[in-house]
Each structure stands twice: as structure tokens, then as C-alpha cells.
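**Student:** Below is the file coords_31.pdb, which contains PDB, C-alpha atoms.
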```pdb
ATOM      1  CA  MET A   1      60.970 121.518 118.512
ATOM      2  CA  ARG A   2      62.776 118.929 120.647
ATOM      3  CA  ARG A   3      66.363 118.198 119.667
ATOM      4  CA  ASN A   4      67.595 114.651 119.870
ATOM      5  CA  LYS A   5      70.667 114.085 121.992
ATOM      6  CA  ALA A   6      73.680 112.889 120.039
ATOM      7  CA  GLU A   7      75.267 109.639 121.166
ATOM      8  CA  PRO A   8      78.821 110.043 122.467
ATOM      9  CA  LEU A   9      81.567 108.971 120.075
ATOM     10  CA  ASP A  10      84.751 107.647 121.705
ATOM     11  CA  PRO A  11      87.855 108.612 119.646
ATOM     12  CA  ARG A  12      89.671 105.383 120.607
ATOM     13  CA  LEU A  13      86.724 103.308 119.415
ATOM     14  CA  VAL A  14      86.679 105.249 116.118
ATOM     15  CA  VAL A  15      90.374 104.476 115.484
ATOM     16  CA  GLN A  16      89.916 100.794 116.422
ATOM     17  CA  ALA A  17      86.916 100.580 114.089
ATOM     18  CA  TYR A  18      88.809 102.097 111.138
ATOM     19  CA  ALA A  19      91.590  99.550 111.716
ATOM     20  CA  GLN A  20      88.956  96.826 111.202
ATOM     21  CA  GLY A  21      87.372  98.432 108.147
ATOM     22  CA  ILE A  22      84.380  99.875 110.015
ATOM     23  CA  PHE A  23      83.322 103.534 110.196
ATOM     24  CA  PRO A  24      80.603 105.493 112.018
ATOM     25  CA  MET A  25      77.828 107.731 110.715
ATOM     26  CA  ALA A  26      75.173 109.522 112.758
ATOM     27  CA  GLU A  27      71.468 109.437 112.038
ATOM     28  CA  GLU A  28      69.341 112.582 112.246
ATOM     29  CA  SER A  29      68.228 111.334 115.681
ATOM     30  CA  GLY A  30      71.837 111.445 116.894
ATOM     31  CA  GLU A  31      72.084 107.638 117.001
ATOM     32  CA  ILE A  32      75.415 106.332 115.665
ATOM     33  CA  ASN A  33      75.497 103.428 113.244
ATOM     34  CA  TRP A  34      78.630 101.552 112.198
ATOM     35  CA  TYR A  35      79.218 100.491 108.590
ATOM     36  CA  ALA A  36      81.409  97.992 106.750
ATOM     37  CA  PRO A  37      80.024  98.081 103.193
ATOM     38  CA  ASP A  38      80.545  95.317 100.666
ATOM     39  CA  PRO A  39      81.609  96.301  98.048
ATOM     40  CA  ARG A  40      83.856  99.079  99.378
ATOM     41  CA  ALA A  41      84.861 102.175  97.403
ATOM     42  CA  ILE A  42      88.538 103.102  97.072
ATOM     43  CA  LEU A  43      90.647 105.428  94.962
ATOM     44  CA  GLU A  44      93.749 103.816  93.490
ATOM     45  CA  HIS A  45      96.017 106.791  93.011
ATOM     46  CA  GLU A  46      97.167 105.871  89.523
ATOM     47  CA  ARG A  47      93.496 105.779  88.476
ATOM     48  CA  LEU A  48      92.745 109.358  89.554
ATOM     49  CA  HIS A  49      90.941 110.921  86.608
ATOM     50  CA  VAL A  50      91.705 114.596  86.069
ATOM     51  CA  SER A  51      89.303 116.012  83.473
ATOM     52  CA  ARG A  52      90.342 118.616  80.915
ATOM     53  CA  SER A  53      88.447 121.349  82.772
ATOM     54  CA  LEU A  54      90.082 120.354  86.075
ATOM     55  CA  LYS A  55      93.515 120.415  84.408
ATOM     56  CA  THR A  56      92.730 123.962  83.265
ATOM     57  CA  THR A  57      91.739 124.961  86.819
ATOM     58  CA  LEU A  58      94.961 123.413  88.181
ATOM     59  CA  ARG A  59      97.072 125.268  85.590
ATOM     60  CA  LYS A  60      95.475 128.595  86.537
ATOM     61  CA  ASN A  61      96.615 128.164  90.172
ATOM     62  CA  ILE A  62      93.408 129.804  91.399
ATOM     63  CA  TYR A  63      93.551 128.286  94.878
ATOM     64  CA  GLU A  64      96.152 128.229  97.591
ATOM     65  CA  ILE A  65      96.249 124.686  98.954
ATOM     66  CA  ARG A  66      96.994 124.212 102.645
ATOM     67  CA  MET A  67      96.908 121.181 104.920
ATOM     68  CA  ASP A  68      95.800 121.026 108.539
ATOM     69  CA  THR A  69      95.405 124.777 109.030
ATOM     70  CA  ALA A  70      91.605 124.888 109.452
ATOM     71  CA  PHE A  71      90.485 121.358 110.317
ATOM     72  CA  GLU A  72      87.451 122.275 112.396
ATOM     73  CA  GLN A  73      86.290 124.807 109.790
ATOM     74  CA  VAL A  74      86.516 122.128 107.097
ATOM     75  CA  ILE A  75      84.523 119.508 109.006
ATOM     76  CA  ARG A  76      81.886 122.106 109.931
ATOM     77  CA  ARG A  77      81.556 123.192 106.297
ATOM     78  CA  CYS A  78      81.274 119.533 105.228
ATOM     79  CA  GLY A  79      78.389 119.182 107.686
ATOM     80  CA  GLN A  80      76.505 122.218 106.359
ATOM     81  CA  ARG A  81      74.169 120.415 103.998
ATOM     82  CA  GLN A  82      70.578 119.307 104.173
ATOM     83  CA  GLU A  83      71.349 115.665 104.922
ATOM     84  CA  THR A  84      74.473 115.016 106.953
ATOM     85  CA  TRP A  85      75.873 112.491 109.409
ATOM     86  CA  ILE A  86      78.279 115.132 110.780
ATOM     87  CA  ASN A  87      76.793 116.295 114.056
ATOM     88  CA  GLU A  88      78.459 118.164 116.926
ATOM     89  CA  GLU A  89      79.637 114.900 118.500
ATOM     90  CA  PHE A  90      81.440 113.986 115.256
ATOM     91  CA  ILE A  91      82.987 117.444 115.022
ATOM     92  CA  GLN A  92      84.338 117.185 118.588
ATOM     93  CA  THR A  93      85.648 113.621 118.146
ATOM     94  CA  TYR A  94      87.347 114.183 114.790
ATOM     95  CA  THR A  95      88.792 117.516 115.915
ATOM     96  CA  TYR A  96      90.281 115.644 118.876
ATOM     97  CA  LEU A  97      91.757 113.064 116.437
ATOM     98  CA  TYR A  98      93.196 116.004 114.483
ATOM     99  CA  THR A  99      94.942 117.298 117.630
ATOM    100  CA  LYS A 100      96.465 113.815 118.012
ATOM    101  CA  GLY A 101      97.768 113.812 114.425
ATOM    102  CA  LEU A 102      95.313 111.171 113.166
ATOM    103  CA  ALA A 103      92.769 113.306 111.281
ATOM    104  CA  HIS A 104      93.783 115.723 108.541
ATOM    105  CA  SER A 105      92.308 118.368 106.282
ATOM    106  CA  VAL A 106      93.248 119.598 102.829
ATOM    107  CA  GLU A 107      91.988 123.122 102.162
ATOM    108  CA  ALA A 108      91.508 125.382  99.157
ATOM    109  CA  TRP A 109      91.823 129.091  99.960
ATOM    110  CA  ARG A 110      91.087 132.045  97.717
ATOM    111  CA  GLU A 111      91.719 135.657  98.703
ATOM    112  CA  GLY A 112      91.895 134.615 102.365
ATOM    113  CA  TYR A 113      88.631 132.631 102.312
ATOM    114  CA  LEU A 114      88.203 128.884 102.740
ATOM    115  CA  VAL A 115      86.320 127.830  99.589
ATOM    116  CA  GLY A 116      86.827 124.077  99.512
ATOM    117  CA  GLY A 117      88.213 121.219 101.510
ATOM    118  CA  LEU A 118      88.161 117.615 102.571
ATOM    119  CA  TYR A 119      89.076 115.673 105.671
ATOM    120  CA  GLY A 120      89.793 112.123 106.727
ATOM    121  CA  VAL A 121      91.695 109.859 109.075
ATOM    122  CA  ALA A 122      95.199 108.495 108.459
ATOM    123  CA  ILE A 123      96.374 105.321 110.183
ATOM    124  CA  GLY A 124      99.582 103.584 109.120
ATOM    125  CA  GLY A 125      99.544 103.633 105.324
ATOM    126  CA  ALA A 126      95.769 104.026 104.991
ATOM    127  CA  PHE A 127      93.784 107.217 104.505
ATOM    128  CA  MET A 128      90.043 107.059 105.141
ATOM    129  CA  GLY A 129      88.376 109.923 103.312
ATOM    130  CA  GLU A 130      85.321 111.207 105.138
ATOM    131  CA  SER A 131      83.786 114.184 103.376
ATOM    132  CA  MET A 132      84.461 117.164 101.132
ATOM    133  CA  PHE A 133      82.835 120.506 100.405
ATOM    134  CA  SER A 134      83.167 123.163  97.746
ATOM    135  CA  SER A 135      81.800 126.680  97.438
ATOM    136  CA  ALA A 136      83.879 127.560  94.345
ATOM    137  CA  THR A 137      84.434 125.822  91.016
ATOM    138  CA  ASP A 138      86.565 122.670  91.319
ATOM    139  CA  ALA A 139      87.822 123.655  94.804
ATOM    140  CA  SER A 140      87.238 120.246  96.406
ATOM    141  CA  LYS A 141      88.605 118.458  93.318
ATOM    142  CA  VAL A 142      91.803 120.521  93.507
ATOM    143  CA  CYS A 143      92.058 119.441  97.153
ATOM    144  CA  LEU A 144      91.640 115.810  96.124
ATOM    145  CA  VAL A 145      94.426 116.100  93.527
ATOM    146  CA  ALA A 146      96.680 117.656  96.186
ATOM    147  CA  LEU A 147      95.750 114.894  98.639
ATOM    148  CA  VAL A 148      96.547 112.142  96.132
ATOM    149  CA  GLU A 149      99.944 113.701  95.371
ATOM    150  CA  HIS A 150     100.626 113.963  99.105
ATOM    151  CA  LEU A 151      99.596 110.366  99.855
ATOM    152  CA  ARG A 152     101.625 109.001  96.933
ATOM    153  CA  SER A 153     104.748 110.897  97.917
ATOM    154  CA  HIS A 154     104.450 109.652 101.523
ATOM    155  CA  GLY A 155     103.937 105.986 100.610
ATOM    156  CA  TYR A 156     100.273 105.511 101.518
ATOM    157  CA  LEU A 157      98.857 102.270 100.077
ATOM    158  CA  LEU A 158      95.122 102.580 100.645
ATOM    159  CA  HIS A 159      92.758 105.495  99.982
ATOM    160  CA  ASP A 160      89.303 104.549 101.244
ATOM    161  CA  THR A 161      86.296 106.575 100.089
ATOM    162  CA  GLN A 162      83.748 104.268 101.794
ATOM    163  CA  PHE A 163      80.882 104.491  99.280
ATOM    164  CA  ILE A 164      80.889 105.258  95.574
ATOM    165  CA  THR A 165      78.859 108.172  94.206
ATOM    166  CA  PRO A 166      78.468 109.298  90.583
ATOM    167  CA  HIS A 167      80.735 112.271  91.417
ATOM    168  CA  LEU A 168      83.474 110.047  92.881
ATOM    169  CA  ALA A 169      83.197 107.618  89.957
ATOM    170  CA  THR A 170      84.059 110.461  87.548
ATOM    171  CA  LEU A 171      87.275 110.970  89.543
ATOM    172  CA  GLY A 172      88.316 107.316  89.176
ATOM    173  CA  VAL A 173      86.915 105.767  92.373
ATOM    174  CA  ILE A 174      86.178 102.031  92.011
ATOM    175  CA  GLU A 175      84.584  99.346  94.155
ATOM    176  CA  ILE A 176      86.295  96.229  95.462
ATOM    177  CA  SER A 177      84.978  93.364  97.572
ATOM    178  CA  ARG A 178      85.067  93.722 101.329
ATOM    179  CA  ARG A 179      87.437  90.738 101.461
ATOM    180  CA  GLU A 180      89.935  92.427  99.138
ATOM    181  CA  TYR A 181      89.507  95.684 101.046
ATOM    182  CA  GLU A 182      90.372  93.964 104.329
ATOM    183  CA  GLN A 183      93.534  92.442 102.770
ATOM    184  CA  ARG A 184      94.642  95.843 101.471
ATOM    185  CA  LEU A 185      93.825  97.439 104.819
ATOM    186  CA  ARG A 186      95.949  94.881 106.705
ATOM    187  CA  GLN A 187      98.910  95.595 104.390
ATOM    188  CA  ALA A 188      98.465  99.361 104.722
ATOM    189  CA  LEU A 189      98.262  99.235 108.529
ATOM    190  CA  GLN A 190     101.693  97.580 108.691
ATOM    191  CA  LEU A 191     103.255 100.736 107.261
ATOM    192  CA  ARG A 192     104.291 103.713 109.342
ATOM    193  CA  CYS A 193     103.710 106.566 106.943
ATOM    194  CA  SER A 194     104.310 110.083 108.208
ATOM    195  CA  TRP A 195     101.869 112.782 107.198
TER
END
```
Would you write the structure of this file as C-alpha cells?

**Tutor:**
Amino acid sequence: MRRNKAEPLDPRLVVQAYAQGIFPMAEESGEINWYAPDPRAILEHERLHVSRSLKTTLRKNIYEIRMDTAFEQVIRRCGQRQETWINEEFIQTYTYLYTKGLAHSVEAWREGYLVGGLYGVAIGGAFMGESMFSSATDASKVCLVALVEHLRSHGYLLHDTQFITPHLATLGVIEISRREYEQRLRQALQLRCSW
């Protein structure tokens, strides 16, 4: 079977695109497409919905939450699904952004094993969530709760989730118009939030 060659993905172009409300995704062929959906999905931190069962999981302290200790592992695990836009080119580019302090991971560990996580890109006061994975009950949701607490405490204004899914909607993600998104993005980019 012939493998398609992945298009190169320039890290500088990725950062410039995020700053304009545009993000990349790869096709199965390796071709990269750029998206600026309207409406756009965001998570307003005060709207985060923590279900009763998730509250129970949080109380039990099942997972050790870490940040930025296994970025490449997280992105690789996020890409291990039947349909994914995360190819090797994406892994290399986003891992490079991680080394430059622009991409971050939140990880759930249990008994020394990585069992859940998420990653995204932070620019100014905006965090662009990319993907999450979970191989244990509520592990990625616990990471999301930890991320929201972290972003709130560091003054981040915008938490972009790109598209809405039924799963994200249960967590409080909403859609806003692209125009409103761009206004919020401009405000967020004026901030200099530290991770």
C-alpha cells in the first residue's frame, strides 16, 4: 500500500494562523487544510459544567495531574484513533511549538501511566484547544477541569475549542459567531499571560 506524503507544516505559519482565528487539519492524504469555522466553539470558563459523576471522580483524587511533562506522548495518544488529522508532520510541528513554550499539555497519570490528556496552543491570553484522549474513566475531563482552573488563575480570556461536539456541549462549550470570536481573539492577544 502506498503511503501519501504529508505536507510540511511551518510552525511560524501555524502561530500566525491562530492569531487570525485560523487552524490547520490534515486530510488522510496528508494534505493540510485551513479552517475558520462560523460559528466557532468556545468554552467560557464560568460555564464549565461539572457533572455529579465528574465531581465524585474529582473528590476521589484518582489521577495525578501534571502539565507539560509528556507533550509528545499526549499528542501521539490523541492521534491514535481511526479518523485523525494528527499525522507525523503535526506531531513534529506541535512538539516544536511545545519546546518554544507555545504548545502545552495537561496530563492525567495513574500508577505511573499516562491515562488521559489534552493539548493546545497558548498565545497571549488565548488558549486554542486541539485534542484530548482518555483511556480511563473521566481522565480527559479531569484534565479539562485542571486546564480551566489554570487558565482562569493566569488571566486567559479566550478558550477556543474550534468545533462543538455533543461531548463538548455537555461540558458547557457554546458557539459564537466568527465575528464575535475575532473580537474576543483580538482582546485576548493583547494580553501577555504566562503559562

**Student:** In terms of the shortest atom-to-atom distance over all atoms listed in the file, which of A:Leu144, A:Met128, A:Ala136, A:Met67 is closest to A:Val106?

**Tutor:**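 Nearest to A:Val106: A:Met67.
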
**Student:** Please compute the atom CA of A:Ala108-atom CA of A:Gly124 distance, one decimal, in Å.

**Tutor:**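 Going from atom CA of A:Ala108 over to atom CA of A:Gly124 covers 25.3 Å.
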
**Student:** With all atoms listed in the file as the atoms that count, which of A:Ser105, A:Ala126, A:Arg47, A:Ser134 lies nearest to A:Arg81?

**Tutor:**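 Smallest distance to A:Arg81 is found for A:Ser134.
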
**Student:** Using the chain letters and numbers from the file, give me the residues hit by the PyMOL selection byres ((chain A and resi 33) around 12), as a CSV table (one decimal) with C-alpha atoms, in the frame of the given file.

**Tutor:**
```csv
chain,number,residue,atom,x,y,z
A,6,ALA,CA,73.7,112.9,120.0
A,7,GLU,CA,75.3,109.6,121.2
A,8,PRO,CA,78.8,110.0,122.5
A,9,LEU,CA,81.6,109.0,120.1
A,14,VAL,CA,86.7,105.2,116.1
A,17,ALA,CA,86.9,100.6,114.1
A,22,ILE,CA,84.4,99.9,110.0
A,23,PHE,CA,83.3,103.5,110.2
A,24,PRO,CA,80.6,105.5,112.0
A,25,MET,CA,77.8,107.7,110.7
A,26,ALA,CA,75.2,109.5,112.8
A,27,GLU,CA,71.5,109.4,112.0
A,28,GLU,CA,69.3,112.6,112.2
A,29,SER,CA,68.2,111.3,115.7
A,30,GLY,CA,71.8,111.4,116.9
A,31,GLU,CA,72.1,107.6,117.0
A,32,ILE,CA,75.4,106.3,115.7
A,34,TRP,CA,78.6,101.6,112.2
A,35,TYR,CA,79.2,100.5,108.6
A,36,ALA,CA,81.4,98.0,106.8
A,85,TRP,CA,75.9,112.5,109.4
```

**Student:** Go through the shown structure with the PyMOL selection byres ((chain A and resi 187) around 12) and write out the matching residues as number ranges by chain.

**Tutor:** A: 19, 123-126, 156-158, 180-186, 188-192

**Student:** Could you check how far atom CA of A:Asp38 sits from atom CA of A:Arg178, in Å to one decimal?

**Tutor:**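 Answer for the atom CA of A:Asp38 to atom CA of A:Arg178 separation: 4.8 Å.
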
**Student:** At a cut-off of 12 Å, using only C-alpha atoms, what residues contact stretch 55-62 of chain A? Leave out same-chain residues fewer than 6 positions from it and give the result as a ChimeraX atom specification.

**Tutor:** /A:49,108-111,115-116,136-146

**Student:** When the PyMOL selection byres ((chain A and resi 40) around 8) is applied to the structure above, which residues does it catch, written out as a list in words?

**Tutor:**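 This file, filtered by the PyMOL selection byres ((chain A and resi 40) around 8), leaves Ala36, Pro37, Asp38, Pro39, Ala41, Ile42, Asp160, Thr161, Gln162, Phe163, Ile164, Glu175, Ile176, Ser177, Arg178 and Tyr181 of chain A.
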
**Student:** Tell me, in Å to one decimal, how far atom CA of A:Glu44 is from atom CA of A:Asn87.

**Tutor:** 29.4 Å

**Student:** I need the residue nearest A:Gln92 from this list: A:Asp10, A:His104, A:Met132, A:Tyr113. Use only C-alpha atoms for the distance.

**Tutor:** A:Asp10

**Student:** Would you mind telling me which residue in A:Ser53, A:Ile75, A:Ser135, A:Val121 lies nearest to A:Gly101 when using all atoms listed in the file?

**Tutor:**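 Of the candidates, the smallest distance to A:Gly101 is held by A:Val121.
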
**Student:** Residues around (87.4, 110.6, 90.1), cut-off 10 Å, counting all atoms listed in the file - what are they as a ChimeraX atom specification?

**Tutor:** /A:43-45,47-51,141,144-145,165-174

**Student:** Could you list, as a short mmCIF file (atom, residue, chain, number, x, y, z; two decimals) with C-alpha atoms, in the frame of the given file, every residue within 9 Å of A:Gly120, counting only C-alpha atoms and ignoring same-chain residues fewer than 3 positions away?

**Tutor:**
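Okay, out15.cif is ready:
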```cif
data_model
loop_
_atom_site.label_atom_id
_atom_site.label_comp_id
_atom_site.auth_asym_id
_atom_site.auth_seq_id
_atom_site.Cartn_x
_atom_site.Cartn_y
_atom_site.Cartn_z
CA TYR A 94 87.35 114.18 114.79
CA LEU A 102 95.31 111.17 113.17
CA ALA A 103 92.77 113.31 111.28
CA HIS A 104 93.78 115.72 108.54
CA SER A 105 92.31 118.37 106.28
CA PHE A 127 93.78 107.22 104.50
CA MET A 128 90.04 107.06 105.14
CA GLY A 129 88.38 109.92 103.31
CA GLU A 130 85.32 111.21 105.14
CA SER A 131 83.79 114.18 103.38
#
```

**Student:** Taking into account all atoms listed in the file, which residue in the set A:Glu46, A:Glu89, A:Glu83, A:Gln20 is nearest to A:Arg152?

**Tutor:**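 Residue with the minimum atom-to-atom distance to A:Arg152: A:Glu46.
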
**Student:** Can you patch up stretch 18-34 of chain A, filling it in to N, CA and C atoms, and show the result as a short mmCIF file (atom, residue, chain, number, x, y, z; two decimals), in the frame of the given file?

**Tutor:**
```cif
data_model
loop_
_atom_site.label_atom_id
_atom_site.label_comp_id
_atom_site.auth_asym_id
_atom_site.auth_seq_id
_atom_site.Cartn_x
_atom_site.Cartn_y
_atom_site.Cartn_z
N TYR A 18 88.16 101.89 112.43
CA TYR A 18 88.81 102.10 111.14
C TYR A 18 89.83 101.00 110.86
N ALA A 19 90.57 100.59 111.88
CA ALA A 19 91.59 99.55 111.72
C ALA A 19 90.98 98.19 111.38
N GLN A 20 89.66 98.06 111.57
CA GLN A 20 88.96 96.83 111.20
C GLN A 20 88.05 97.02 109.98
N GLY A 21 88.17 98.18 109.35
CA GLY A 21 87.37 98.43 108.15
C GLY A 21 85.95 98.88 108.43
N ILE A 22 85.72 99.45 109.60
CA ILE A 22 84.38 99.88 110.02
C ILE A 22 84.42 101.38 110.29
N PHE A 23 83.36 102.09 109.94
CA PHE A 23 83.32 103.53 110.20
C PHE A 23 81.94 103.95 110.69
N PRO A 24 81.88 105.04 111.46
CA PRO A 24 80.60 105.49 112.02
C PRO A 24 79.93 106.58 111.17
N MET A 25 78.61 106.62 111.27
CA MET A 25 77.83 107.73 110.72
C MET A 25 76.65 107.96 111.66
N ALA A 26 76.29 109.20 111.85
CA ALA A 26 75.17 109.52 112.76
C ALA A 26 73.88 109.67 111.97
N GLU A 27 72.80 109.22 112.59
CA GLU A 27 71.47 109.44 112.04
C GLU A 27 71.00 110.83 112.47
N GLU A 28 69.91 111.29 111.87
CA GLU A 28 69.34 112.58 112.25
C GLU A 28 68.97 112.61 113.73
N SER A 29 68.61 111.45 114.27
CA SER A 29 68.23 111.33 115.68
C SER A 29 69.42 111.48 116.62
N GLY A 30 70.63 111.40 116.07
CA GLY A 30 71.84 111.44 116.89
C GLY A 30 72.41 110.06 117.15
N GLU A 31 71.62 109.02 116.82
CA GLU A 31 72.08 107.64 117.00
C GLU A 31 73.23 107.35 116.03
N ILE A 32 74.27 106.65 116.51
CA ILE A 32 75.42 106.33 115.66
C ILE A 32 75.30 104.91 115.15
N ASN A 33 75.44 104.75 113.86
CA ASN A 33 75.50 103.43 113.24
C ASN A 33 76.90 103.20 112.71
N TRP A 34 77.29 101.93 112.65
CA TRP A 34 78.63 101.55 112.20
C TRP A 34 78.49 100.76 110.90
#
```
